[in-house]
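First the structure, in the form of structure tokens, and then the observations on it.
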Amino acid sequence: MEALEKIKAIAQDPYSYALNLKKTTDKPVVGNFCSYTPEELVFAAGGVPFRLFGTKDDISLADAHLQAYCCSLVRGGLEDALKGNLSFLDGTVFPHTCDSIQRLSDIWRLNTGFAFHIDVVLPVKLDTQSARIYMIDVLNSFKSDLESALKNRITEEKLRQAIKLYNRLRQTLGEIYEMRSKDPDSISATDLYHVIKASMITDRDEFLELLTLLRDELKKKIKDRTLNTHKRIILSGGICNHPDIYTALEESGAEVIWDDLCTGTRYFEGDIEESGDPIEAIADRYMTRVVCPAKHLTVTARGESLVRLVKDRNASGVIFMFLKFCDPHAFDYPYLKKFLDDAGIPNILLEVEEQLPSDAQLKTRFETFVDMID
Amino acid sequence: MITAGIDIGSITAKAAVLNDGHILGTKVMFTGYNSRQAGKAVIDELAREINMNPEDLDAIVATGYGRNSVEFATKAITEITCHGVGAHFLNPDIRFIIDIGGQDSKVIRIDEAGRVVDFAMNDKCAAGTGRFLEVMARALEVDLDKFGDICLQGKAPAKISSICTVFAESEVISLISKGETRENIIAGIHESVASRVSALAKRVGVVEPVMMTGGVAMNIGAVRALEGKLETSIQVSEYAQVNGAIGAAILAGKEVG
């Protein structure tokens with residue numbers, strides 16, 4: 001599995017990958033914190049969208065700017081920026097999602113000193129006609145902001161190519177997710193975590209090649225009838241940057257076979273129409289995709305979609321995994337839990353920070369959860 | 001069939017021996033530094049008390065945070081599952097369990113067969129645990145065993161607003177210096193524990209009847225304070241502290257069929 005090894009090496013050390021990319025190419029690296037970043041435009045402008053996941057270091061510098069109620073992603077991202085760990089970034093894009101990210105944008109602009117900084121002020125509702133008009137307007141101004149920041153004109157042709165590439169990337173990620181869902185032994189959850197993480201940081205041309213290779217290798221490996229007897233679980237939440245979760249779950253007798261995560265299906269679900277106006281087509285993807293809790297569809301859309309997902313994926317339980325102090329997810333939790341409880345779907349909540357709870361605590365929860373769904 | 005359950009908690013190690021659904025004996029000892037030895041010690045001691053040879057046990061299930069360190073156990077099962085089975089054994093009507101132990105608190109909803117339907121645990125914090133009560137008893141120079149009884153004498157519980165154990169201790173010290181009565185301070189401390197645990201319970205959804213298990217269930221002040229917060233009566237069995245071990249012993253029976 002040569003492709004997988006290369007992908008894992010990138011995902012395990014994203015900063016070294018980015019530093020090397022800066023050395024070997026002249027491509028600008030564009031930081032972002034969110035799956036609502038219109039990456040197709042960044043790619044069309046010649047940039048490499050680079051997702052930030054927080055820090056592995058202790059947080060000391062960031063807390064001079066942020067309150068204790070900010071999540072570890074916001075605090076950790078700022079920590080790395082202030083420490084100089086993100087020196088490879090040419091600039092950063094902040095789509096407007098939660099309050100903390102919005103505040104972080106201004107603090108980032110004032111304190112980190114990257115060459116450019118763009119806010120993408122998305123609408124809160126994405127599915128109305130007025131939101132669509134507004135969204136198209138936002139994407140057009142993002143396009144011209146990028147053009148001046150990266151000194152590169154985004155022609156219609158380049159944008160169409162970008163959309164094509166992203167469609168292929170997203171479809172291939174989806175295919176690999178399908179394979180794991182069909183036969184969890186085809187690729188481990190930890191390996192798939194590395195794949196999805198690398199997909200958000202690697203030079204996308206290079207990544208599509210690696211990903212296609214990986215998919216072809218996996219196709220040879222996958223069994224028609226899986227031998228895996230572990231309980232099938234869906235992981236729901238914001239970002240998951242804790243591969244140890246998957247191992248602890250496996251040791252407890254369960255497998256994450258699908259997810260509802262920003263660093264997961266929310267990144268790759270939804271194709272973009274390749275004909276018609278490309279900007280309108282990008283807006284339409286956001287209008288139809290299932291929303292993250294910082295956005296609004298209808299009051300029941302996320303609950304219904306989660307219950308449907310459990311049934312479609314033949315899963316027997318849901319683990320909510322939130323970053324502590326992630327208020328959009330926390331606000332939605334009681335209502336999502338009620339949807340699952342009413343449908344008789346076992347679920348538990350796990351709140352994490354940059355560090356996981358102790359192994360003993362984690363195992364106690366997971367083992368009990370597996371007992372529960374026996 | 002004679003089976004045993006061993007529950008290695010953060011502060012105490014518990015054992016229970018059952019003979020086809022009859023409790024032959026139970027034992028509580030301090031876990032100490034070595035949880036490996038604690039499991040062996042507690043079952044040996046109990047076996048001696050009930051005049052049996054530990055070798056004659058048909059199966060042993062280990063539970064509690066130290067469950068995987070009991071090498072001679074037939075199987076390890078989490079204390080949440082075991083508390084569900086134990087409470088169901090003691091009273092089959094029970095649908096909700098509040099287990100407050102030394103280092104964490106858990107709320108567990110069970111079905112009519114004693115199976116866990118939902119649960120929640122506190123996170124990374126001593127608020128709402130036995131340790132919180134221990135720290136406060138020390139600050140007030142009161143014997144932990146008398147803590148609950150003194151609590152009931154408090155007419156107007158003092159307000160303890162800090163959630164953090166360390167800050168709450170400073171709050172208690174400043175209440176002492178302001179001349180607040182010991183009874184009212186202790187009642188306030190129990191109100192604080194009850195607030196934390198009842199919030200956890202409401203997340204899962206309380207279904208009556210409710211039973212309290214774990215070491216803190218022996219503290220009448222904690223039980224009464226929780227009854228007030230949850231507006232329900234709470235059953236406490238004489239076996240509350242060894243409930244997890246009893247559940248483990250029952251599950252051990254299922255291991256050998």
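To be explicit about the labels: the chains of the structure tokens are called A, B, and onward in the order shown, and within each one the residues are counted from 1, while ligands get numbers from 1 in the order they are shown.
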Using only C-alpha atoms, which chain B residues lie at most 9 Å away from chain A, written as a VMD selection string? chain B and resid 64 to 66 77 to 81 115 to 121 123 to 124 203
Write a file of the selected residues as a PDB file, in the first residue's frame, keeping N, CA, C and O atoms.
```
ATOM      1  N   GLY B  64     -14.783  -1.984  37.460  1.00  0.00           N
ATOM      2  CA  GLY B  64     -14.151  -0.801  38.029  1.00  0.00           C
ATOM      3  C   GLY B  64     -12.978  -0.361  37.187  1.00  0.00           C
ATOM      4  O   GLY B  64     -12.583  -1.047  36.241  1.00  0.00           O
ATOM      5  N   TYR B  65     -12.399   0.789  37.545  1.00  0.00           N
ATOM      6  CA  TYR B  65     -11.338   1.312  36.689  1.00  0.00           C
ATOM      7  C   TYR B  65     -10.119   0.396  36.639  1.00  0.00           C
ATOM      8  O   TYR B  65      -9.364   0.382  35.674  1.00  0.00           O
ATOM      9  N   GLY B  66      -9.961  -0.436  37.678  1.00  0.00           N
ATOM     10  CA  GLY B  66      -8.810  -1.351  37.685  1.00  0.00           C
ATOM     11  C   GLY B  66      -9.144  -2.737  37.174  1.00  0.00           C
ATOM     12  O   GLY B  66      -8.416  -3.692  37.426  1.00  0.00           O
ATOM     13  N   ILE B  77     -15.639  -6.438  32.765  1.00  0.00           N
ATOM     14  CA  ILE B  77     -16.836  -5.742  32.251  1.00  0.00           C
ATOM     15  C   ILE B  77     -16.903  -4.379  32.949  1.00  0.00           C
ATOM     16  O   ILE B  77     -16.583  -4.283  34.140  1.00  0.00           O
ATOM     17  N   THR B  78     -17.333  -3.356  32.250  1.00  0.00           N
ATOM     18  CA  THR B  78     -17.294  -2.025  32.863  1.00  0.00           C
ATOM     19  C   THR B  78     -18.242  -1.921  34.051  1.00  0.00           C
ATOM     20  O   THR B  78     -19.255  -2.614  34.121  1.00  0.00           O
ATOM     21  N   GLU B  79     -17.915  -0.998  34.943  1.00  0.00           N
ATOM     22  CA  GLU B  79     -18.718  -0.832  36.160  1.00  0.00           C
ATOM     23  C   GLU B  79     -20.105  -0.294  35.839  1.00  0.00           C
ATOM     24  O   GLU B  79     -21.040  -0.475  36.614  1.00  0.00           O
ATOM     25  N   ILE B  80     -20.268   0.357  34.692  1.00  0.00           N
ATOM     26  CA  ILE B  80     -21.587   0.900  34.350  1.00  0.00           C
ATOM     27  C   ILE B  80     -22.552  -0.254  34.077  1.00  0.00           C
ATOM     28  O   ILE B  80     -23.646  -0.326  34.634  1.00  0.00           O
ATOM     29  N   THR B  81     -22.101  -1.192  33.250  1.00  0.00           N
ATOM     30  CA  THR B  81     -22.911  -2.386  32.981  1.00  0.00           C
ATOM     31  C   THR B  81     -23.175  -3.149  34.277  1.00  0.00           C
ATOM     32  O   THR B  81     -24.299  -3.593  34.537  1.00  0.00           O
ATOM     33  N   ARG B 115     -30.590  -3.870  31.730  1.00  0.00           N
ATOM     34  CA  ARG B 115     -29.602  -3.501  30.712  1.00  0.00           C
ATOM     35  C   ARG B 115     -29.484  -1.983  30.605  1.00  0.00           C
ATOM     36  O   ARG B 115     -30.471  -1.268  30.711  1.00  0.00           O
ATOM     37  N   VAL B 116     -28.255  -1.522  30.354  1.00  0.00           N
ATOM     38  CA  VAL B 116     -28.027  -0.083  30.245  1.00  0.00           C
ATOM     39  C   VAL B 116     -28.663   0.446  28.958  1.00  0.00           C
ATOM     40  O   VAL B 116     -28.449  -0.099  27.881  1.00  0.00           O
ATOM     41  N   VAL B 117     -29.484   1.491  29.099  1.00  0.00           N
ATOM     42  CA  VAL B 117     -30.104   2.110  27.937  1.00  0.00           C
ATOM     43  C   VAL B 117     -29.387   3.415  27.596  1.00  0.00           C
ATOM     44  O   VAL B 117     -29.264   3.805  26.442  1.00  0.00           O
ATOM     45  N   ASP B 118     -28.920   4.107  28.631  1.00  0.00           N
ATOM     46  CA  ASP B 118     -28.202   5.367  28.419  1.00  0.00           C
ATOM     47  C   ASP B 118     -27.387   5.658  29.676  1.00  0.00           C
ATOM     48  O   ASP B 118     -27.723   5.178  30.754  1.00  0.00           O
ATOM     49  N   PHE B 119     -26.333   6.418  29.523  1.00  0.00           N
ATOM     50  CA  PHE B 119     -25.526   6.765  30.696  1.00  0.00           C
ATOM     51  C   PHE B 119     -24.717   8.021  30.418  1.00  0.00           C
ATOM     52  O   PHE B 119     -24.563   8.430  29.270  1.00  0.00           O
ATOM     53  N   ALA B 120     -24.227   8.632  31.480  1.00  0.00           N
ATOM     54  CA  ALA B 120     -23.287   9.742  31.329  1.00  0.00           C
ATOM     55  C   ALA B 120     -22.327   9.718  32.501  1.00  0.00           C
ATOM     56  O   ALA B 120     -22.667   9.253  33.589  1.00  0.00           O
ATOM     57  N   MET B 121     -21.115  10.189  32.255  1.00  0.00           N
ATOM     58  CA  MET B 121     -20.076  10.251  33.303  1.00  0.00           C
ATOM     59  C   MET B 121     -19.589  11.672  33.413  1.00  0.00           C
ATOM     60  O   MET B 121     -19.603  12.400  32.425  1.00  0.00           O
ATOM     61  N   ASP B 123     -16.637  14.541  33.723  1.00  0.00           N
ATOM     62  CA  ASP B 123     -15.398  14.646  32.939  1.00  0.00           C
ATOM     63  C   ASP B 123     -14.272  15.280  33.746  1.00  0.00           C
ATOM     64  O   ASP B 123     -14.455  16.393  34.203  1.00  0.00           O
ATOM     65  N   LYS B 124     -13.154  14.597  33.836  1.00  0.00           N
ATOM     66  CA  LYS B 124     -11.906  15.260  34.233  1.00  0.00           C
ATOM     67  C   LYS B 124     -12.029  16.219  35.412  1.00  0.00           C
ATOM     68  O   LYS B 124     -11.364  17.239  35.437  1.00  0.00           O
ATOM     69  N   ARG B 203     -29.496  15.296  32.036  1.00  0.00           N
ATOM     70  CA  ARG B 203     -29.056  15.121  30.646  1.00  0.00           C
ATOM     71  C   ARG B 203     -29.528  13.787  30.085  1.00  0.00           C
ATOM     72  O   ARG B 203     -29.921  13.682  28.933  1.00  0.00           O
TER      73      ARG B 203
END
```
Exercise: stretch 130-138 of chain B partners within 8 Å, only C-alpha atoms, chain neighbours under 6 positions left out, as JSON, numbers by chain: {"B": [100, 101, 102, 103, 104, 144, 147, 165, 169, 172, 189, 190, 193, 215, 216]}
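Each of B:Asp149, B:Asp56, B:Glu49, B:Asp7 was checked against B:Phe30 using only C-alpha atoms; the smallest atom-to-atom distance is that of B:Asp7.
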Considering only C-alpha atoms, return as a list in words whatever protein or nucleic-acid residues lie within 9 Å of B:Tyr239, sequence-local ones (same chain, fewer than 3 positions apart) excluded.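 Neighbouring residues, sequence-local ones excluded: Thr26, Leu90, Thr213, Gly214, Val236, Val242, Asn243 and Ile246 of chain B.
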Find the spatial neighbours of A:Thr37, counting only C-alpha atoms, within a cut-off of 9 Å - ignore same-chain residues fewer than 4 positions away - and output them as a list in words.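 Everything that qualifies: Asn32, Phe33, Val42, Pro49, Val93, Phe94, Pro95 and Val120 of chain A.
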Please report, as a PyMOL selection string, each residue of stretch 32-251 of chain B to which DSSP assigns alpha helix (DSSP H) when run on this structure's backbone. chain B and resi 35-49+79-90+130-139+144-152+165-177+182-204+220-230+243-251
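Residues in contact range of A:Met287, defined as at most 10 Å between only C-alpha atoms, with sequence neighbours fewer than 6 positions away removed, read Lys125, Leu126, Asp127, Thr128, Gln129, Ala131, Arg132, Met135, Gly270, Ala281 and Leu297 of chain A.
Excluding stretch 56-72 of chain A itself and same-chain residues fewer than 2 positions from it, the residues having an atom within 7 Å of it are Gly54, Val74, Arg75, Gly76, Leu78, Glu79, Leu82, Ser100, Leu323, Lys324, Phe325, Cys326, Glu353 and Glu354 of chain A, counting only C-alpha atoms.
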Just N, CA, C and O atoms for this one: save the residues we selected as a short mmCIF file (atom, residue, chain, number, x, y, z; two decimals), in the first residue's frame.
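Output below, filename result-v3.cif:
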```cif
data_model
loop_
_atom_site.label_atom_id
_atom_site.label_comp_id
_atom_site.auth_asym_id
_atom_site.auth_seq_id
_atom_site.Cartn_x
_atom_site.Cartn_y
_atom_site.Cartn_z
N GLY A 54 -5.56 22.94 14.86
CA GLY A 54 -5.19 23.21 16.25
C GLY A 54 -3.76 22.76 16.50
O GLY A 54 -3.05 22.41 15.56
N VAL A 74 -9.71 26.73 18.08
CA VAL A 74 -9.47 28.16 17.96
C VAL A 74 -8.22 28.56 18.75
O VAL A 74 -7.33 29.25 18.25
N ARG A 75 -8.13 28.06 19.99
CA ARG A 75 -6.98 28.41 20.82
C ARG A 75 -5.70 27.81 20.24
O ARG A 75 -4.66 28.47 20.19
N GLY A 76 -5.79 26.57 19.80
CA GLY A 76 -4.60 25.88 19.28
C GLY A 76 -4.12 26.46 17.96
O GLY A 76 -2.92 26.58 17.71
N LEU A 78 -4.47 29.57 16.96
CA LEU A 78 -3.81 30.85 17.25
C LEU A 78 -2.45 30.62 17.90
O LEU A 78 -1.47 31.32 17.60
N GLU A 79 -2.38 29.62 18.78
CA GLU A 79 -1.12 29.30 19.44
C GLU A 79 -0.02 29.02 18.40
O GLU A 79 1.07 29.57 18.47
N LEU A 82 0.97 32.22 16.55
CA LEU A 82 1.78 33.15 17.35
C LEU A 82 3.17 32.59 17.61
O LEU A 82 4.14 33.35 17.76
N SER A 100 -16.76 32.06 17.72
CA SER A 100 -15.35 32.05 18.09
C SER A 100 -14.44 32.19 16.87
O SER A 100 -13.43 32.88 16.91
N LEU A 323 -15.69 19.07 20.37
CA LEU A 323 -14.66 19.80 21.09
C LEU A 323 -15.35 20.51 22.24
O LEU A 323 -16.44 21.07 22.06
N LYS A 324 -14.75 20.47 23.42
CA LYS A 324 -15.34 21.16 24.55
C LYS A 324 -15.45 22.65 24.20
O LYS A 324 -14.56 23.20 23.57
N PHE A 325 -16.55 23.25 24.55
CA PHE A 325 -16.85 24.66 24.29
C PHE A 325 -17.20 24.94 22.83
O PHE A 325 -17.20 26.09 22.41
N CYS A 326 -17.45 23.89 22.04
CA CYS A 326 -17.93 24.15 20.68
C CYS A 326 -19.42 24.41 20.79
O CYS A 326 -20.22 23.48 20.88
N GLU A 353 -10.80 17.80 24.28
CA GLU A 353 -10.02 18.99 24.01
C GLU A 353 -8.82 18.54 23.17
O GLU A 353 -8.90 17.51 22.52
N GLU A 354 -7.72 19.28 23.22
CA GLU A 354 -6.59 18.84 22.41
C GLU A 354 -6.09 17.47 22.87
O GLU A 354 -5.57 16.70 22.09
#
```
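Residues in contact with B:Thr63 at 10 Å, where only C-alpha atoms are counted and same-chain residues fewer than 5 positions away are skipped, are listed as Thr364 of chain A; Gly5, Ile6, Asp7, Ile8, Gly9, Ala13, Lys14, Ala15, Asn68, Ser69, Val70, Ala73, Lys75, Ala76, Ile77, Thr78, Glu79, Ile80, Thr81, Cys82, His83, Gly244, Ala245, Gly247, Ala248 and Ala249 of chain B.
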Go ahead and save the residues from that selection, with N, CA and C atoms, as a PDB file, in the first residue's frame.
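Dumped to part.pdb:
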```pdb
ATOM      1  N   THR A 364     -13.963   2.802  29.428  1.00  0.00           N
ATOM      2  CA  THR A 364     -15.172   2.539  30.208  1.00  0.00           C
ATOM      3  C   THR A 364     -16.403   2.965  29.410  1.00  0.00           C
TER       4      THR A 364
ATOM      5  N   GLY B   5     -17.596 -11.271  42.017  1.00  0.00           N
ATOM      6  CA  GLY B   5     -17.355 -10.012  41.316  1.00  0.00           C
ATOM      7  C   GLY B   5     -16.338  -9.219  42.105  1.00  0.00           C
ATOM      8  N   ILE B   6     -15.394  -8.620  41.398  1.00  0.00           N
ATOM      9  CA  ILE B   6     -14.389  -7.788  42.065  1.00  0.00           C
ATOM     10  C   ILE B   6     -14.427  -6.413  41.410  1.00  0.00           C
ATOM     11  N   ASP B   7     -14.643  -5.395  42.220  1.00  0.00           N
ATOM     12  CA  ASP B   7     -14.770  -4.031  41.704  1.00  0.00           C
ATOM     13  C   ASP B   7     -13.616  -3.202  42.246  1.00  0.00           C
ATOM     14  N   ILE B   8     -12.671  -2.889  41.364  1.00  0.00           N
ATOM     15  CA  ILE B   8     -11.503  -2.112  41.795  1.00  0.00           C
ATOM     16  C   ILE B   8     -11.769  -0.629  41.508  1.00  0.00           C
ATOM     17  N   GLY B   9     -12.121   0.112  42.547  1.00  0.00           N
ATOM     18  CA  GLY B   9     -12.357   1.546  42.391  1.00  0.00           C
ATOM     19  C   GLY B   9     -11.101   2.347  42.678  1.00  0.00           C
ATOM     20  N   ALA B  13     -11.498  -1.238  46.990  1.00  0.00           N
ATOM     21  CA  ALA B  13     -11.703  -2.459  46.200  1.00  0.00           C
ATOM     22  C   ALA B  13     -12.816  -3.239  46.878  1.00  0.00           C
ATOM     23  N   LYS B  14     -13.784  -3.699  46.083  1.00  0.00           N
ATOM     24  CA  LYS B  14     -14.933  -4.401  46.638  1.00  0.00           C
ATOM     25  C   LYS B  14     -15.007  -5.804  46.050  1.00  0.00           C
ATOM     26  N   ALA B  15     -15.528  -6.741  46.823  1.00  0.00           N
ATOM     27  CA  ALA B  15     -15.754  -8.087  46.294  1.00  0.00           C
ATOM     28  C   ALA B  15     -17.101  -8.591  46.777  1.00  0.00           C
ATOM     29  N   ASN B  68      -8.943  -4.309  34.416  1.00  0.00           N
ATOM     30  CA  ASN B  68      -8.023  -5.063  33.565  1.00  0.00           C
ATOM     31  C   ASN B  68      -6.760  -5.504  34.307  1.00  0.00           C
ATOM     32  N   SER B  69      -6.595  -5.027  35.543  1.00  0.00           N
ATOM     33  CA  SER B  69      -5.411  -5.450  36.290  1.00  0.00           C
ATOM     34  C   SER B  69      -5.685  -6.721  37.106  1.00  0.00           C
ATOM     35  N   VAL B  70      -6.930  -7.184  37.111  1.00  0.00           N
ATOM     36  CA  VAL B  70      -7.253  -8.434  37.831  1.00  0.00           C
ATOM     37  C   VAL B  70      -7.023  -9.602  36.868  1.00  0.00           C
ATOM     38  N   ALA B  73      -9.191 -12.908  36.633  1.00  0.00           N
ATOM     39  CA  ALA B  73     -10.634 -12.826  36.358  1.00  0.00           C
ATOM     40  C   ALA B  73     -10.970 -13.526  35.041  1.00  0.00           C
ATOM     41  N   LYS B  75     -13.365 -12.528  33.088  1.00  0.00           N
ATOM     42  CA  LYS B  75     -13.677 -11.488  32.117  1.00  0.00           C
ATOM     43  C   LYS B  75     -13.687 -10.134  32.827  1.00  0.00           C
ATOM     44  N   ALA B  76     -13.472  -9.068  32.056  1.00  0.00           N
ATOM     45  CA  ALA B  76     -13.591  -7.719  32.617  1.00  0.00           C
ATOM     46  C   ALA B  76     -14.782  -7.024  31.960  1.00  0.00           C
ATOM     47  N   ILE B  77     -15.639  -6.438  32.765  1.00  0.00           N
ATOM     48  CA  ILE B  77     -16.836  -5.742  32.251  1.00  0.00           C
ATOM     49  C   ILE B  77     -16.903  -4.379  32.949  1.00  0.00           C
ATOM     50  N   THR B  78     -17.333  -3.356  32.250  1.00  0.00           N
ATOM     51  CA  THR B  78     -17.294  -2.025  32.863  1.00  0.00           C
ATOM     52  C   THR B  78     -18.242  -1.921  34.051  1.00  0.00           C
ATOM     53  N   GLU B  79     -17.915  -0.998  34.943  1.00  0.00           N
ATOM     54  CA  GLU B  79     -18.718  -0.832  36.160  1.00  0.00           C
ATOM     55  C   GLU B  79     -20.105  -0.294  35.839  1.00  0.00           C
ATOM     56  N   ILE B  80     -20.268   0.357  34.692  1.00  0.00           N
ATOM     57  CA  ILE B  80     -21.587   0.900  34.350  1.00  0.00           C
ATOM     58  C   ILE B  80     -22.552  -0.254  34.077  1.00  0.00           C
ATOM     59  N   THR B  81     -22.101  -1.192  33.250  1.00  0.00           N
ATOM     60  CA  THR B  81     -22.911  -2.386  32.981  1.00  0.00           C
ATOM     61  C   THR B  81     -23.175  -3.149  34.277  1.00  0.00           C
ATOM     62  N   CYS B  82     -22.142  -3.287  35.115  1.00  0.00           N
ATOM     63  CA  CYS B  82     -22.286  -4.053  36.363  1.00  0.00           C
ATOM     64  C   CYS B  82     -23.240  -3.380  37.340  1.00  0.00           C
ATOM     65  N   HIS B  83     -23.168  -2.053  37.460  1.00  0.00           N
ATOM     66  CA  HIS B  83     -24.090  -1.365  38.373  1.00  0.00           C
ATOM     67  C   HIS B  83     -25.540  -1.551  37.908  1.00  0.00           C
ATOM     68  N   GLY B 244     -21.641  -2.736  42.437  1.00  0.00           N
ATOM     69  CA  GLY B 244     -20.913  -3.051  41.198  1.00  0.00           C
ATOM     70  C   GLY B 244     -20.339  -4.462  41.251  1.00  0.00           C
ATOM     71  N   ALA B 245     -19.813  -4.837  42.424  1.00  0.00           N
ATOM     72  CA  ALA B 245     -19.231  -6.179  42.589  1.00  0.00           C
ATOM     73  C   ALA B 245     -20.324  -7.242  42.503  1.00  0.00           C
ATOM     74  N   GLY B 247     -23.151  -6.972  40.780  1.00  0.00           N
ATOM     75  CA  GLY B 247     -23.488  -7.059  39.352  1.00  0.00           C
ATOM     76  C   GLY B 247     -22.452  -7.893  38.604  1.00  0.00           C
ATOM     77  N   ALA B 248     -21.193  -7.693  38.949  1.00  0.00           N
ATOM     78  CA  ALA B 248     -20.112  -8.442  38.294  1.00  0.00           C
ATOM     79  C   ALA B 248     -20.237  -9.934  38.597  1.00  0.00           C
ATOM     80  N   ALA B 249     -20.580 -10.269  39.848  1.00  0.00           N
ATOM     81  CA  ALA B 249     -20.718 -11.679  40.234  1.00  0.00           C
ATOM     82  C   ALA B 249     -21.875 -12.327  39.467  1.00  0.00           C
TER      83      ALA B 249
END
```
